[in-house]
>>> print(open('start.txt').read())   # compact mmCIF, C-alpha atoms
# COMPACT_ATOMS: atom_id res chain seq x y z
CA LYS A 1 0.00 0.00 0.00
CA ILE A 2 2.80 2.37 0.85
CA GLN A 3 4.49 1.56 -2.46
CA ASN A 4 1.31 2.01 -4.48
CA SER A 5 0.51 5.35 -2.82
CA ASN A 6 4.00 6.78 -3.31
CA GLY A 7 4.33 7.06 0.45
CA LEU A 8 1.41 9.49 0.67
CA LEU A 9 -0.74 7.11 2.72
CA LEU A 10 2.06 6.57 5.22
CA SER A 11 2.59 10.31 5.48
CA ALA A 12 -1.14 10.89 5.93
CA GLY A 13 -1.30 8.25 8.64
CA ILE A 14 1.66 9.66 10.56
CA ILE A 15 0.51 13.27 10.29
CA GLY A 16 -3.14 12.45 10.95
CA GLY A 17 -2.28 10.31 13.95
CA ILE A 18 -0.06 12.94 15.55
CA ASN A 19 -2.64 15.67 15.07
CA MET A 20 -5.36 13.37 16.42
CA VAL A 21 -3.34 12.91 19.61
CA GLY A 22 -2.81 16.67 19.78
CA PHE A 23 -6.53 17.28 19.39
CA CYS A 24 -7.40 14.80 22.14
CA ILE A 25 -4.91 16.39 24.55
CA THR A 26 -6.13 19.88 23.73
CA ALA A 27 -9.80 18.97 24.03
CA THR A 28 -9.24 17.14 27.31
CA THR A 29 -6.94 19.59 29.06
CA LYS A 30 -8.26 22.78 27.40
CA THR A 31 -4.67 23.88 26.80
CA HIS A 32 -3.53 25.88 23.79
CA LYS A 33 0.19 25.39 24.41
CA ILE A 34 0.85 22.24 22.35
CA THR A 35 -0.77 23.15 19.02
CA ASP A 36 2.36 24.21 17.15
CA LEU A 37 4.57 21.54 18.72
CA PHE A 38 2.29 18.82 17.33
CA GLY A 39 1.78 20.68 14.05
CA THR A 40 5.46 21.12 13.19
CA GLY A 41 6.35 17.83 14.85
CA SER A 42 4.12 15.99 12.39
CA PHE A 43 6.24 17.36 9.50
CA VAL A 44 9.39 15.98 11.12
CA CYS A 45 7.87 12.59 11.92
CA SER A 46 6.46 12.23 8.40
CA ALA A 47 9.82 13.03 6.79
CA ALA A 48 11.65 10.66 9.13
CA SER A 49 9.14 7.83 8.71
CA THR A 50 9.03 7.93 4.91
CA ALA A 51 12.84 8.12 4.84
CA ILE A 52 13.35 5.15 7.16
CA VAL A 53 10.74 2.95 5.45
CA ASN A 54 12.49 3.50 2.13
CA GLY A 55 16.06 3.03 3.38
CA VAL A 56 17.12 6.65 2.88
CA GLN A 57 19.07 6.57 6.16
CA ASN A 58 21.53 4.17 4.52
CA HIS A 59 22.53 6.91 2.06
CA PRO A 60 22.97 9.99 4.29
CA LEU A 61 24.21 12.27 1.49
CA SER A 62 21.53 11.39 -1.05
CA ARG A 63 19.03 13.96 -2.31
CA PRO A 64 16.08 12.51 -0.30
CA ALA A 65 18.21 12.45 2.85
CA LEU A 66 19.18 16.09 2.45
CA MET A 67 15.53 17.00 1.88
CA SER A 68 14.52 15.08 5.03
CA TYR A 69 17.23 16.88 7.01
CA ALA A 70 15.94 20.19 5.68
CA VAL A 71 12.34 19.53 6.75
CA THR A 72 13.56 18.33 10.16
CA LEU A 73 15.67 21.45 10.64
CA TRP A 74 12.78 23.68 9.57
CA GLY A 75 10.31 21.86 11.85
CA ILE A 76 12.52 21.95 14.94
CA ARG A 77 13.37 25.62 14.47
CA LEU A 78 9.81 26.78 13.81
CA GLY A 79 8.27 24.53 16.46
CA THR A 80 10.73 25.78 19.09
CA HIS A 81 10.10 29.40 18.12
CA LEU A 82 6.31 29.08 18.20
CA PHE A 83 6.32 27.09 21.46
CA GLU A 84 8.54 29.68 23.14
CA ARG A 85 6.22 32.42 21.88
CA ILE A 86 3.03 30.75 23.11
CA LEU A 87 4.53 30.20 26.56
CA ARG A 88 4.69 33.98 26.89
CA SER A 89 1.07 34.40 25.82
CA PRO A 90 -1.98 33.88 28.07
CA LYS A 91 -3.92 32.36 25.16
CA ASP A 92 -3.75 31.47 21.47
CA PRO A 93 -6.14 33.75 19.55
CA ARG A 94 -6.45 31.12 16.81
CA LEU A 95 -7.90 28.58 19.25
CA ASP A 96 -9.72 30.77 21.75
CA LYS A 97 -12.98 30.69 19.81
CA PHE A 98 -12.90 26.88 19.71
CA PHE A 99 -12.80 26.39 23.47
CA PRO A 100 -16.11 26.10 25.34
CA LYS A 101 -17.10 28.94 27.63
CA LYS A 102 -18.07 28.37 31.23
CA GLY A 103 -21.31 26.40 31.46
CA GLU A 104 -21.39 25.67 27.73
CA LYS A 105 -22.56 22.22 26.67
CA TRP A 106 -20.97 20.14 23.97
CA LEU A 107 -22.08 20.65 20.33
CA ASP A 108 -23.75 23.99 21.08
CA ARG A 109 -23.85 25.59 17.62
CA THR A 110 -24.90 28.94 19.07
CA LYS A 111 -21.53 29.12 20.83
CA SER A 112 -18.23 27.34 20.17
CA ASN A 113 -19.72 24.03 18.92
CA PHE A 114 -17.05 22.24 20.97
CA PRO A 115 -15.45 19.83 20.16
CA LEU A 116 -16.40 19.70 16.45
CA SER A 117 -15.08 23.15 15.67
CA MET A 118 -11.79 22.37 17.37
CA ALA A 119 -11.57 19.05 15.50
CA GLY A 120 -11.99 21.02 12.28
CA PHE A 121 -9.04 23.23 13.19
CA TRP A 122 -6.81 20.21 13.85
CA THR A 123 -7.98 18.56 10.63
CA ILE A 124 -6.98 21.65 8.64
CA GLN A 125 -3.60 21.69 10.40
CA ALA A 126 -3.06 18.04 9.46
CA ALA A 127 -4.00 18.73 5.84
CA TRP A 128 -1.54 21.64 5.78
CA ALA A 129 1.28 19.40 7.01
CA TRP A 130 0.44 16.57 4.59
CA ILE A 131 0.26 18.81 1.51
CA CYS A 132 3.44 20.67 2.37
CA SER A 133 5.29 17.39 2.95
CA ILE A 134 4.51 15.96 -0.49
CA PRO A 135 7.88 16.83 -2.13
CA VAL A 136 9.95 15.04 0.52
CA THR A 137 7.40 12.20 0.74
CA LEU A 138 7.65 11.50 -3.00
CA ALA A 139 11.43 11.86 -3.03
CA ASN A 140 11.77 9.33 -0.22
CA ALA A 141 9.23 6.90 -1.70
CA ASN A 142 10.77 7.02 -5.17
CA PHE A 143 14.19 6.39 -3.68
CA GLY A 144 12.92 3.23 -2.00
CA LYS A 145 11.49 1.87 -5.25
CA PHE A 146 13.75 3.07 -8.06
CA LYS A 147 17.08 4.49 -6.78
CA HIS A 148 17.06 7.13 -9.54
CA PRO A 149 20.62 8.22 -10.43
CA ASN A 150 19.64 11.83 -9.68
CA ALA A 151 19.03 10.80 -6.07
CA PHE A 152 22.79 10.41 -5.60
CA LYS A 153 23.93 13.63 -7.24
CA LEU A 154 22.65 17.16 -6.85
CA GLY A 155 23.54 18.79 -10.15
CA TYR A 156 22.94 22.48 -10.84
CA LEU A 157 19.27 22.45 -9.82
CA GLY A 158 20.06 20.53 -6.65
CA TRP A 159 22.73 22.95 -5.55
CA PHE A 160 20.47 25.87 -6.40
CA SER A 161 17.80 24.27 -4.18
CA VAL A 162 20.29 23.92 -1.33
CA ILE A 163 21.26 27.58 -1.61
CA ALA A 164 17.62 28.68 -1.91
CA PHE A 165 16.57 26.62 1.12
CA SER A 166 19.49 27.97 3.18
CA PHE A 167 18.61 31.52 2.19
CA GLY A 168 14.89 31.13 2.92
CA PHE A 169 15.49 29.31 6.20
CA LEU A 170 17.97 31.90 7.47
CA PHE A 171 15.81 34.79 6.25
CA GLU A 172 12.74 33.45 8.07
CA SER A 173 14.72 32.61 11.22
CA MET A 174 16.35 36.03 11.35
CA ALA A 175 13.02 37.80 10.78
CA ASP A 176 11.39 35.83 13.61
CA HIS A 177 14.32 36.55 15.93
CA GLN A 178 14.27 40.26 15.15
CA LYS A 179 10.53 40.49 15.80
CA LYS A 180 10.80 38.56 19.06
CA LYS A 181 13.60 40.82 20.27
CA PHE A 182 11.61 43.90 19.23
CA LYS A 183 8.46 42.82 21.08
CA LEU A 184 10.32 41.88 24.26
CA ASP A 185 11.62 45.44 24.57
CA PRO A 186 9.07 47.41 26.67
CA LYS A 187 9.89 50.66 24.90
CA ASN A 188 8.45 49.20 21.68
CA SER A 189 4.98 48.67 23.18
CA GLY A 190 2.32 49.89 20.75
CA ARG A 191 4.81 50.19 17.88
CA TRP A 192 5.18 48.18 14.69
CA ILE A 193 8.55 46.73 13.75
CA ASP A 194 10.23 48.59 10.88
CA GLU A 195 13.86 47.72 11.40
CA GLY A 196 16.22 44.99 10.21
CA LEU A 197 14.61 42.70 7.65
CA TRP A 198 11.27 44.31 8.49
CA SER A 199 12.53 47.46 6.80
CA LEU A 200 12.85 45.48 3.55
CA SER A 201 9.51 43.66 3.68
CA ARG A 202 6.40 43.95 5.86
CA HIS A 203 6.32 40.14 6.10
CA PRO A 204 9.91 38.88 5.71
CA ASN A 205 9.20 35.72 7.71
CA TYR A 206 6.51 34.71 5.23
CA PHE A 207 8.82 35.47 2.33
CA GLY A 208 11.41 33.13 3.81
CA GLU A 209 8.76 30.46 4.40
CA ILE A 210 7.62 30.58 0.79
CA VAL A 211 11.21 30.33 -0.47
CA VAL A 212 11.78 27.26 1.75
CA TRP A 213 8.92 25.28 0.23
CA TRP A 214 9.64 26.28 -3.37
CA SER A 215 13.25 25.17 -2.85
CA LEU A 216 12.07 21.77 -1.60
CA PHE A 217 9.86 21.33 -4.65
CA LEU A 218 12.81 22.16 -6.93
CA ALA A 219 14.97 19.69 -5.00
CA SER A 220 12.40 16.94 -5.58
CA TYR A 221 11.90 17.65 -9.28
CA PRO A 222 14.80 15.54 -10.73
CA VAL A 223 13.59 12.38 -8.95
CA LEU A 224 9.88 12.69 -9.76
CA ARG A 225 8.65 10.00 -12.13
CA ASN A 226 5.82 11.56 -14.13
CA PRO A 227 3.70 14.71 -14.61
CA LYS A 228 1.27 13.57 -11.90
CA GLN A 229 4.06 13.49 -9.33
CA ILE A 230 5.33 16.86 -10.52
CA PHE A 231 1.87 18.36 -10.08
CA LEU A 232 1.49 16.80 -6.63
CA SER A 233 4.89 18.05 -5.53
CA MET A 234 4.23 21.55 -6.87
CA SER A 235 0.97 21.68 -4.90
CA SER A 236 3.10 22.09 -1.76
CA PRO A 237 4.67 25.51 -2.49
CA LEU A 238 1.55 26.65 -4.34
CA PHE A 239 -0.56 25.84 -1.28
CA VAL A 240 1.84 27.62 1.10
CA SER A 241 2.04 30.67 -1.17
CA PHE A 242 -1.74 30.87 -1.62
CA LEU A 243 -2.40 30.41 2.09
CA LEU A 244 0.07 33.04 3.25
CA ILE A 245 -0.59 35.62 0.55
CA PHE A 246 -4.36 35.39 0.16
CA VAL A 247 -5.91 33.58 3.16
CA SER A 248 -4.58 33.25 6.69
CA GLY A 249 -1.21 34.94 6.69
CA ILE A 250 -0.72 38.38 5.22
CA PRO A 251 -4.41 39.41 4.85
CA LEU A 252 -5.18 38.83 8.54
CA LEU A 253 -2.05 40.61 9.77
CA GLU A 254 -2.50 43.52 7.37
CA LYS A 255 -6.10 43.92 8.54
CA LYS A 256 -5.02 43.83 12.19
CA MET A 257 -2.22 46.34 11.65
CA ASP A 258 -4.46 48.68 9.66
CA ALA A 259 -7.03 48.62 12.45
CA THR A 260 -4.36 49.38 15.05
CA HIS A 261 -2.11 51.85 13.22
CA GLY A 262 -4.01 52.87 10.10
CA ASN A 263 -4.76 56.34 11.49
CA LYS A 264 -1.05 57.10 11.90
CA LEU A 265 0.72 58.95 9.10
CA ALA A 266 4.05 57.28 9.88
CA TYR A 267 2.50 53.83 9.45
CA ARG A 268 0.84 54.75 6.17
CA GLU A 269 4.20 56.05 4.93
CA TYR A 270 5.81 52.79 6.08
CA LYS A 271 3.30 50.80 4.03
CA GLN A 272 4.00 52.92 0.96
CA ARG A 273 7.75 52.65 1.42
CA VAL A 274 8.16 48.97 2.30
CA PRO A 275 6.95 46.15 -0.01
CA MET A 276 4.33 43.79 1.36
CA LEU A 277 6.24 40.55 0.70
CA ILE A 278 9.20 40.51 -1.70
CA PRO A 279 12.01 42.42 0.00
CA SER A 280 13.52 45.54 -1.47
CA PHE A 281 17.18 44.62 -1.22
CA THR A 282 18.30 48.10 -2.27
CA ARG A 283 17.53 49.25 1.28
CA SER A 284 20.01 48.80 4.12
CA VAL A 285 19.07 46.47 6.98
CA LEU A 286 21.48 48.16 9.40
>>> encode(input="start.txt", output="structure tokens")
Amino acid sequence: KIQNSNGLLLSAGIIGGINMVGFCITATTKTHKITDLFGTGSFVCSAASTAIVNGVQNHPLSRPALMSYAVTLWGIRLGTHLFERILRSPKDPRLDKFFPKKGEKWLDRTKSNFPLSMAGFWTIQAAWAWICSIPVTLANANFGKFKHPNAFKLGYLGWFSVIAFSFGFLFESMADHQKKKFKLDPKNSGRWIDEGLWSLSRHPNYFGEIVVWWSLFLASYPVLRNPKQIFLSMSSPLFVSFLLIFVSGIPLLEKKMDATHGNKLAYREYKQRVPMLIPSFTRSVL
């Protein structure tokens, strides 16, 4: 079954199972602290599982191995960052509306509709992880079945993918670190960050995230077997890009920032001066 599904069923089972456990813990304890740990952790476990099942660990410098390392590095870094952030927060605004209020009964559609609404959130998180993981899942599965020559050499596209991933990963990590440092400084209370990478882009962390997943698709391309696999693999960066640019990432933050600072001339000038996503590298970050 794993062979016939190109590893996608195994990945779905691992990711779905981990998020199911996360949902049960959250619903039982009413905690919001573990959401991102389980979310990013499912990426790491999926990459590791599909690699081990297909013997990728026996070839530690192969293309699928490097892709699995990349996803693991990304997952550990992002999961640690988000967990540290949520520990400083009294609640997670994404989940607050899914928790039942005092005296609320289960399945009350007039209120939170707990636990169905919360289950929906965890289902969406699992789908996000599964779709994003498709490039590394296919690369690992194809390695187990075919040992394509391109799996053992990077070539120009492979090295470009390595450089692109490194750039996107470091860009996102640095942007997150700069924002965390900015927010922890009491003198910045009520201000928006417009320094460092945030002077080049209003959402540099999302730019780095998008680059990461496009680089992983490019890394998978030489070992994909047919147009169907290419389309499936490309759905990963397309999904991430669409989600961040048009749905839950940039639109929500832009709306929130406009509501908070939209009446300030300096903020409006900042929006006119700084690109929304793609950085303006002609500006200094110092």
>>> atom_distance(input="start.txt", atom1="CA of Leu253 in chain A", atom2="CA of Arg202 in chain A")
9.9 Å
>>> closest_residue(input="start.txt", among="A:Ile25, A:Ala141, A:Leu95, A:Leu78", to="Val53 in chain A", atoms="only C-alpha atoms")
A:Ala141
>>> residues_around(input="start.txt", residues="Val44 in chain A", least_positions_apart="5", cutoff="12 Å", atoms="only C-alpha atoms", output="ChimeraX atom specification")
/A:11,14-15,18,37-39,49-51,67-79,129-130,132-133,136-137
>>> residues_around(input="start.txt", residues="Ser280 in chain A", least_positions_apart="6", cutoff="10 Å", atoms="all atoms listed in the file", output="list of chain:residue names")
A:Leu197, A:Ser199, A:Leu200, A:Ser201, A:Arg273, A:Val274
>>> closest_residue(input="start.txt", among="A:Gly262, A:Gly120, A:Pro90, A:Pro135", to="Phe43 in chain A", atoms="all atoms listed in the file")
A:Pro135
>>> atom_distance(input="start.txt", atom1="CA of Asn142 in chain A", atom2="CA of Ser235 in chain A")
17.6 Å
>>> decode(input="start.txt", residues="range 118-148 of chain A", atoms="N, CA and C atoms", output="short mmCIF file (atom, residue, chain, number, x, y, z; two decimals), in the first residue's frame")
data_model
loop_
_atom_site.label_atom_id
_atom_site.label_comp_id
_atom_site.auth_asym_id
_atom_site.auth_seq_id
_atom_site.Cartn_x
_atom_site.Cartn_y
_atom_site.Cartn_z
N MET A 118 -13.20 22.57 17.09
CA MET A 118 -11.79 22.37 17.37
C MET A 118 -11.22 21.22 16.54
N ALA A 119 -12.01 20.17 16.34
CA ALA A 119 -11.57 19.05 15.50
C ALA A 119 -11.34 19.53 14.07
N GLY A 120 -12.17 20.45 13.61
CA GLY A 120 -11.99 21.02 12.28
C GLY A 120 -10.68 21.75 12.15
N PHE A 121 -10.31 22.50 13.19
CA PHE A 121 -9.04 23.23 13.19
C PHE A 121 -7.87 22.25 13.07
N TRP A 122 -7.90 21.19 13.87
CA TRP A 122 -6.81 20.21 13.85
C TRP A 122 -6.77 19.45 12.54
N THR A 123 -7.92 19.24 11.93
CA THR A 123 -7.98 18.56 10.63
C THR A 123 -7.31 19.42 9.56
N ILE A 124 -7.59 20.72 9.59
CA ILE A 124 -6.98 21.65 8.64
C ILE A 124 -5.46 21.69 8.85
N GLN A 125 -5.03 21.68 10.11
CA GLN A 125 -3.60 21.69 10.40
C GLN A 125 -2.92 20.44 9.86
N ALA A 126 -3.61 19.29 9.99
CA ALA A 126 -3.06 18.04 9.46
C ALA A 126 -2.97 18.08 7.94
N ALA A 127 -4.01 18.62 7.30
CA ALA A 127 -4.00 18.73 5.84
C ALA A 127 -2.86 19.63 5.37
N TRP A 128 -2.64 20.72 6.09
CA TRP A 128 -1.54 21.64 5.78
C TRP A 128 -0.20 20.90 5.82
N ALA A 129 0.01 20.11 6.88
CA ALA A 129 1.28 19.40 7.01
C ALA A 129 1.44 18.35 5.92
N TRP A 130 0.35 17.64 5.60
CA TRP A 130 0.44 16.57 4.59
C TRP A 130 0.74 17.13 3.21
N ILE A 131 0.04 18.21 2.83
CA ILE A 131 0.26 18.81 1.51
C ILE A 131 1.67 19.37 1.40
N CYS A 132 2.10 20.08 2.41
CA CYS A 132 3.44 20.67 2.37
C CYS A 132 4.53 19.61 2.30
N SER A 133 4.28 18.45 2.89
CA SER A 133 5.29 17.39 2.95
C SER A 133 5.41 16.57 1.67
N ILE A 134 4.53 16.81 0.70
CA ILE A 134 4.51 15.96 -0.49
C ILE A 134 5.86 15.88 -1.21
N PRO A 135 6.60 16.97 -1.41
CA PRO A 135 7.88 16.83 -2.13
C PRO A 135 8.84 15.85 -1.46
N VAL A 136 9.02 15.95 -0.15
CA VAL A 136 9.95 15.04 0.52
C VAL A 136 9.37 13.63 0.60
N THR A 137 8.04 13.52 0.72
CA THR A 137 7.40 12.20 0.74
C THR A 137 7.65 11.46 -0.57
N LEU A 138 7.44 12.13 -1.70
CA LEU A 138 7.65 11.50 -3.00
C LEU A 138 9.12 11.19 -3.24
N ALA A 139 10.00 12.10 -2.84
CA ALA A 139 11.43 11.86 -3.03
C ALA A 139 11.87 10.63 -2.25
N ASN A 140 11.40 10.49 -1.03
CA ASN A 140 11.77 9.33 -0.22
C ASN A 140 11.17 8.04 -0.79
N ALA A 141 9.90 8.10 -1.17
CA ALA A 141 9.23 6.90 -1.70
C ALA A 141 9.85 6.45 -3.01
N ASN A 142 10.14 7.38 -3.90
CA ASN A 142 10.77 7.02 -5.17
C ASN A 142 12.16 6.43 -4.97
N PHE A 143 12.86 6.92 -3.97
CA PHE A 143 14.19 6.39 -3.68
C PHE A 143 14.10 4.93 -3.27
N GLY A 144 13.09 4.60 -2.46
CA GLY A 144 12.92 3.23 -2.00
C GLY A 144 12.60 2.26 -3.12
N LYS A 145 11.94 2.75 -4.17
CA LYS A 145 11.49 1.87 -5.25
C LYS A 145 12.42 1.84 -6.45
N PHE A 146 13.08 2.99 -6.76
CA PHE A 146 13.75 3.07 -8.06
C PHE A 146 15.23 3.44 -7.99
N LYS A 147 15.67 4.06 -6.89
CA LYS A 147 17.08 4.49 -6.78
C LYS A 147 17.51 5.27 -8.03
N HIS A 148 16.76 6.30 -8.37
CA HIS A 148 17.06 7.13 -9.54
C HIS A 148 18.48 7.70 -9.41
#
